[in-house]
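**Student:** Questions regarding the structure given below will be posed in turn.
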Amino acid sequence: MADQVSDRCLRCYREQQWYGENFLFDFIGDTDVSGKRILEIGCAEAGLLKFYQNKGAICSGLELSDVRFNNALLLNEPNSLHLFQANICEPDTYSNELIEKYDTIVIRDVIEHIDDKQTALTNIFNLLKPGGKLFMSFPPKYCAYAGHQQTIPKFIGKLPYLHALPNILYKGYMRLIGVADQKINYLMSTKKTRISIHQMRKLVKLIGFNVIKESNWFLRPTYAFRFGLPKMKNPFSWLPILDEVFSNGVLYLLERPEN
């Protein structure tokens, strides 16, 4: 089964499991998730859900991408997880799959790709039980790699803050170094849909979430798996401008109020 997917997909799957075991479980503050209903929006290879399933949780995974959804099916035993394709902005695509409310929802490094964030987060709010929790992470708009240019194959495309160039220069540079048109379209779309920390704070308040935690990181927890780097919070997070520029990842733990 595993030999039918790429080494990169296997690494993503293992990173997702690692993230649950070595960071997310403690960050959310769970002690026992046995019998709890957990949903991940943009579950990709579903490694995180596999971790939670092994803890006894009842897990569901929503994924939009054909490629990553098929990889999730290949990497997990048939019917061991409730996996399906849908768009969180369009309830008609998931209403038959998501019938009961959830104790915990995870949307990890996905919200920055969604154009209509208010609709997405409102729909997530409505999928939570009263008192249910949402974990959300994203690279904020003005940080070094908010444009996801680290996914460019060539080293000279991975420069920090490269996405801050005006669109015409950004596109021109990527064409100059031989980036494929499909990748350029992805990167330009990501640049367009970014969100700042300030904007996100306003949005979650508007929707009605209670903020349990906001945690802003210079070296994100995932960097420990990817690069062997220690976790480090942004030491400048108390200054709004430097918070936006030097927080390479922002993590929220939110709650749907009981009433």
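By order of appearance in the structure tokens: chains A, B, ..., then residues from 1 within every chain, and ligands from 1 in the order shown.
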May I have the residues within 7 Å of Asn210 in chain A as a VMD selection string, using only C-alpha atoms and disregarding those fewer than 6 positions away in the same chain?
**Tutor:** chain A and resid 254 to 257
**Student:** Check range 67-198 of chain A with DSSP on the backbone and list each residue it calls helix (DSSP H, G or I), as a ChimeraX atom specification.
**Tutor:** /A:67-75,91-93,111-113,117-127,149-151,155-157,162-164,167-176,181-193,197-198
**Student:** Could you save the residues just selected, with C-alpha atoms, as an mmCIF file, in the first residue's frame?
**Tutor:**
```
data_model
loop_
_atom_site.group_PDB
_atom_site.id
_atom_site.type_symbol
_atom_site.label_atom_id
_atom_site.label_comp_id
_atom_site.auth_asym_id
_atom_site.auth_seq_id
_atom_site.Cartn_x
_atom_site.Cartn_y
_atom_site.Cartn_z
ATOM 1 C CA VAL A 67 -4.493 13.877 -5.132
ATOM 2 C CA ARG A 68 -4.305 14.194 -1.361
ATOM 3 C CA PHE A 69 -7.683 12.530 -0.831
ATOM 4 C CA ASN A 70 -6.574 9.530 -2.901
ATOM 5 C CA ASN A 71 -3.309 9.388 -0.960
ATOM 6 C CA ALA A 72 -5.298 9.350 2.284
ATOM 7 C CA LEU A 73 -7.283 6.383 1.018
ATOM 8 C CA LEU A 74 -4.082 4.552 0.079
ATOM 9 C CA LEU A 75 -2.309 5.261 3.362
ATOM 10 C CA PRO A 91 -22.416 22.908 3.018
ATOM 11 C CA ASP A 92 -24.245 21.028 0.270
ATOM 12 C CA THR A 93 -20.999 19.160 -0.460
ATOM 13 C CA ILE A 111 -7.325 28.700 6.079
ATOM 14 C CA GLU A 112 -4.737 30.859 4.277
ATOM 15 C CA HIS A 113 -5.703 29.153 0.990
ATOM 16 C CA LYS A 117 -12.612 32.806 5.214
ATOM 17 C CA GLN A 118 -15.686 34.175 6.947
ATOM 18 C CA THR A 119 -17.944 31.587 5.320
ATOM 19 C CA ALA A 120 -15.479 28.780 6.054
ATOM 20 C CA LEU A 121 -15.110 29.682 9.726
ATOM 21 C CA THR A 122 -18.839 30.282 10.167
ATOM 22 C CA ASN A 123 -19.523 26.819 8.756
ATOM 23 C CA ILE A 124 -16.921 25.337 11.104
ATOM 24 C CA PHE A 125 -18.527 27.186 14.040
ATOM 25 C CA ASN A 126 -21.850 25.568 13.127
ATOM 26 C CA LEU A 127 -20.262 22.089 12.997
ATOM 27 C CA GLN A 149 7.438 29.992 -1.982
ATOM 28 C CA GLN A 150 9.371 27.383 -0.010
ATOM 29 C CA THR A 151 7.563 24.864 -2.238
ATOM 30 C CA PHE A 155 16.737 27.105 -4.053
ATOM 31 C CA ILE A 156 16.723 30.598 -5.602
ATOM 32 C CA GLY A 157 12.923 30.509 -5.463
ATOM 33 C CA LEU A 162 9.933 36.918 -2.028
ATOM 34 C CA HIS A 163 6.140 36.961 -2.285
ATOM 35 C CA ALA A 164 6.162 40.596 -1.119
ATOM 36 C CA ASN A 167 2.769 40.739 -8.748
ATOM 37 C CA ILE A 168 4.362 41.553 -12.096
ATOM 38 C CA LEU A 169 7.890 41.238 -10.651
ATOM 39 C CA TYR A 170 7.003 38.119 -8.655
ATOM 40 C CA LYS A 171 5.594 36.368 -11.719
ATOM 41 C CA GLY A 172 8.484 37.535 -13.879
ATOM 42 C CA TYR A 173 11.076 36.231 -11.423
ATOM 43 C CA MET A 174 9.381 32.847 -11.171
ATOM 44 C CA ARG A 175 9.243 32.527 -14.955
ATOM 45 C CA LEU A 176 12.898 33.558 -15.167
ATOM 46 C CA ASP A 181 2.840 27.707 -14.891
ATOM 47 C CA GLN A 182 0.720 25.476 -12.637
ATOM 48 C CA LYS A 183 2.997 26.224 -9.680
ATOM 49 C CA ILE A 184 2.980 29.956 -10.492
ATOM 50 C CA ASN A 185 -0.830 29.954 -10.474
ATOM 51 C CA TYR A 186 -0.816 28.212 -7.068
ATOM 52 C CA LEU A 187 1.650 30.711 -5.616
ATOM 53 C CA MET A 188 -0.207 33.722 -6.970
ATOM 54 C CA SER A 189 -3.463 32.367 -5.552
ATOM 55 C CA THR A 190 -1.809 31.865 -2.161
ATOM 56 C CA LYS A 191 -0.460 35.411 -2.227
ATOM 57 C CA LYS A 192 -3.975 36.707 -2.898
ATOM 58 C CA THR A 193 -5.715 34.760 -0.104
ATOM 59 C CA ILE A 197 -2.933 38.322 12.435
ATOM 60 C CA HIS A 198 -4.896 41.530 12.934
#
```
**Student:** Using only C-alpha atoms, which residues sit within 10 Å of range 46-56 of chain A once same-chain residues fewer than 4 positions away are excluded, as an NGL selection string?
**Tutor:** :A and (10-21 or 24-25 or 32-40 or 42 or 60-63 or 68-69 or 71-73 or 75-76 or 80-83 or 106)
**Student:** Could the residues in this selection be written to a file with N, CA and C atoms, as a short mmCIF file (atom, residue, chain, number, x, y, z; two decimals), in the first residue's frame?
**Tutor:**
```
data_model
loop_
_atom_site.label_atom_id
_atom_site.label_comp_id
_atom_site.auth_asym_id
_atom_site.auth_seq_id
_atom_site.Cartn_x
_atom_site.Cartn_y
_atom_site.Cartn_z
N LEU A 10 4.52 10.08 2.03
CA LEU A 10 4.78 9.31 3.25
C LEU A 10 5.36 10.20 4.34
N ARG A 11 6.24 11.11 3.94
CA ARG A 11 6.82 12.02 4.93
C ARG A 11 5.74 12.95 5.50
N CYS A 12 4.85 13.44 4.64
CA CYS A 12 3.75 14.28 5.12
C CYS A 12 2.87 13.51 6.11
N TYR A 13 2.58 12.27 5.77
CA TYR A 13 1.74 11.42 6.63
C TYR A 13 2.39 11.24 8.00
N ARG A 14 3.70 10.98 7.99
CA ARG A 14 4.41 10.79 9.25
C ARG A 14 4.52 12.10 10.04
N GLU A 15 4.68 13.21 9.33
CA GLU A 15 4.72 14.50 10.02
C GLU A 15 3.39 14.79 10.70
N GLN A 16 2.30 14.49 10.04
CA GLN A 16 0.97 14.71 10.62
C GLN A 16 0.79 13.89 11.89
N GLN A 17 1.22 12.63 11.87
CA GLN A 17 1.15 11.81 13.09
C GLN A 17 2.05 12.38 14.18
N TRP A 18 3.25 12.76 13.80
CA TRP A 18 4.22 13.33 14.75
C TRP A 18 3.64 14.59 15.39
N TYR A 19 3.00 15.43 14.60
CA TYR A 19 2.46 16.70 15.10
C TYR A 19 1.40 16.45 16.18
N GLY A 20 0.56 15.47 15.94
CA GLY A 20 -0.44 15.13 16.94
C GLY A 20 0.19 14.65 18.23
N GLU A 21 1.15 13.75 18.11
CA GLU A 21 1.76 13.12 19.30
C GLU A 21 2.67 14.06 20.06
N LEU A 24 0.24 18.78 19.19
CA LEU A 24 -1.16 19.21 19.19
C LEU A 24 -1.97 18.67 20.37
N PHE A 25 -1.76 17.41 20.71
CA PHE A 25 -2.52 16.80 21.80
C PHE A 25 -2.36 17.61 23.09
N ASP A 32 -8.06 12.76 27.57
CA ASP A 32 -8.68 11.52 27.10
C ASP A 32 -9.65 11.88 25.98
N VAL A 33 -9.37 11.40 24.78
CA VAL A 33 -10.26 11.69 23.64
C VAL A 33 -11.07 10.46 23.23
N SER A 34 -11.03 9.43 24.04
CA SER A 34 -11.77 8.21 23.71
C SER A 34 -13.26 8.53 23.54
N GLY A 35 -13.80 8.19 22.39
CA GLY A 35 -15.21 8.43 22.10
C GLY A 35 -15.53 9.84 21.66
N LYS A 36 -14.54 10.74 21.64
CA LYS A 36 -14.77 12.11 21.20
C LYS A 36 -14.81 12.16 19.67
N ARG A 37 -15.62 13.06 19.14
CA ARG A 37 -15.75 13.22 17.70
C ARG A 37 -14.81 14.33 17.24
N ILE A 38 -13.88 13.98 16.32
CA ILE A 38 -12.87 14.92 15.83
C ILE A 38 -12.96 15.00 14.31
N LEU A 39 -12.98 16.21 13.80
CA LEU A 39 -13.03 16.47 12.36
C LEU A 39 -11.82 17.30 11.97
N GLU A 40 -11.16 16.93 10.87
CA GLU A 40 -10.09 17.76 10.33
C GLU A 40 -10.50 18.28 8.96
N GLY A 42 -9.32 19.74 5.58
CA GLY A 42 -8.08 19.70 4.83
C GLY A 42 -7.14 18.68 5.45
N SER A 60 -13.19 12.04 11.52
CA SER A 60 -13.64 12.33 10.17
C SER A 60 -12.65 13.29 9.52
N GLY A 61 -12.47 13.13 8.20
CA GLY A 61 -11.55 14.00 7.48
C GLY A 61 -12.16 14.51 6.19
N LEU A 62 -12.18 15.82 6.04
CA LEU A 62 -12.68 16.48 4.82
C LEU A 62 -11.47 16.95 4.03
N GLU A 63 -11.41 16.58 2.75
CA GLU A 63 -10.29 16.99 1.89
C GLU A 63 -10.84 17.39 0.53
N ARG A 68 -4.55 14.46 -2.78
CA ARG A 68 -4.30 14.19 -1.36
C ARG A 68 -5.40 13.30 -0.77
N PHE A 69 -6.62 13.42 -1.27
CA PHE A 69 -7.68 12.53 -0.83
C PHE A 69 -7.37 11.09 -1.23
N ASN A 71 -4.43 9.84 -1.79
CA ASN A 71 -3.31 9.39 -0.96
C ASN A 71 -3.78 8.97 0.43
N ALA A 72 -4.75 9.71 0.97
CA ALA A 72 -5.30 9.35 2.28
C ALA A 72 -5.95 7.98 2.24
N LEU A 73 -6.65 7.69 1.16
CA LEU A 73 -7.28 6.38 1.02
C LEU A 73 -6.24 5.27 0.92
N LEU A 75 -3.14 5.36 2.17
CA LEU A 75 -2.31 5.26 3.36
C LEU A 75 -3.06 4.78 4.61
N ASN A 76 -4.36 4.69 4.52
CA ASN A 76 -5.15 4.25 5.66
C ASN A 76 -5.98 3.04 5.27
N SER A 80 -11.31 2.63 7.83
CA SER A 80 -10.83 2.82 9.20
C SER A 80 -11.06 4.26 9.67
N LEU A 81 -11.09 5.19 8.72
CA LEU A 81 -11.39 6.59 9.00
C LEU A 81 -12.53 7.04 8.10
N HIS A 82 -13.30 7.97 8.57
CA HIS A 82 -14.39 8.54 7.78
C HIS A 82 -13.82 9.67 6.93
N LEU A 83 -13.43 9.37 5.69
CA LEU A 83 -12.78 10.31 4.80
C LEU A 83 -13.70 10.61 3.62
N VAL A 106 -10.11 20.56 13.58
CA VAL A 106 -8.75 21.01 13.28
C VAL A 106 -8.73 21.54 11.85
#
```
**Student:** In Å, how far is it from CA of Leu242 in chain A to CA of Lys154 in chain A?
**Tutor:** 28.5 Å
**Student:** So how far away is CA of Lys133 in chain A from CA of Thr31 in chain A, in Å?
**Tutor:**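 According to the coordinates, CA of Thr31 in chain A and CA of Lys133 in chain A are separated by 14.2 Å.
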**Student:** Given the choices A:Gly178, A:Pro240, A:Pro130, A:Pro139, which gets closest to Ile152 in chain A if the distance is worked out from only C-alpha atoms?
**Tutor:**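 Comparing A:Gly178, A:Pro240, A:Pro130, A:Pro139 against Ile152 in chain A, the winner is A:Gly178.
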**Student:** May I have all residues of range 74-257 of chain A that DSSP, computed from the backbone, assigns to strand (DSSP E), given as an MDAnalysis selection string?
**Tutor:** chainID A and resid 82:85 102:108 128:138 210:219 232:233 249:255
**Student:** Using only C-alpha atoms, which residue out of A:Trp217, A:Tyr223, A:Phe135, A:Phe84 lies closest to Asp103 in chain A?
**Tutor:**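 Closest candidate: A:Phe135.
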**Student:** Tell me, in Å to one decimal, how far CA of Pro230 in chain A is from CA of Asp7 in chain A.
**Tutor:**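 Computing it gives 24.3 Å between the two atoms.
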**Student:** Restricting the calculation to only C-alpha atoms, which member of A:Glu214, A:Asp115, A:Asp26, A:Glu100 is positioned closest to Ile195 in chain A?
**Tutor:** A:Asp115
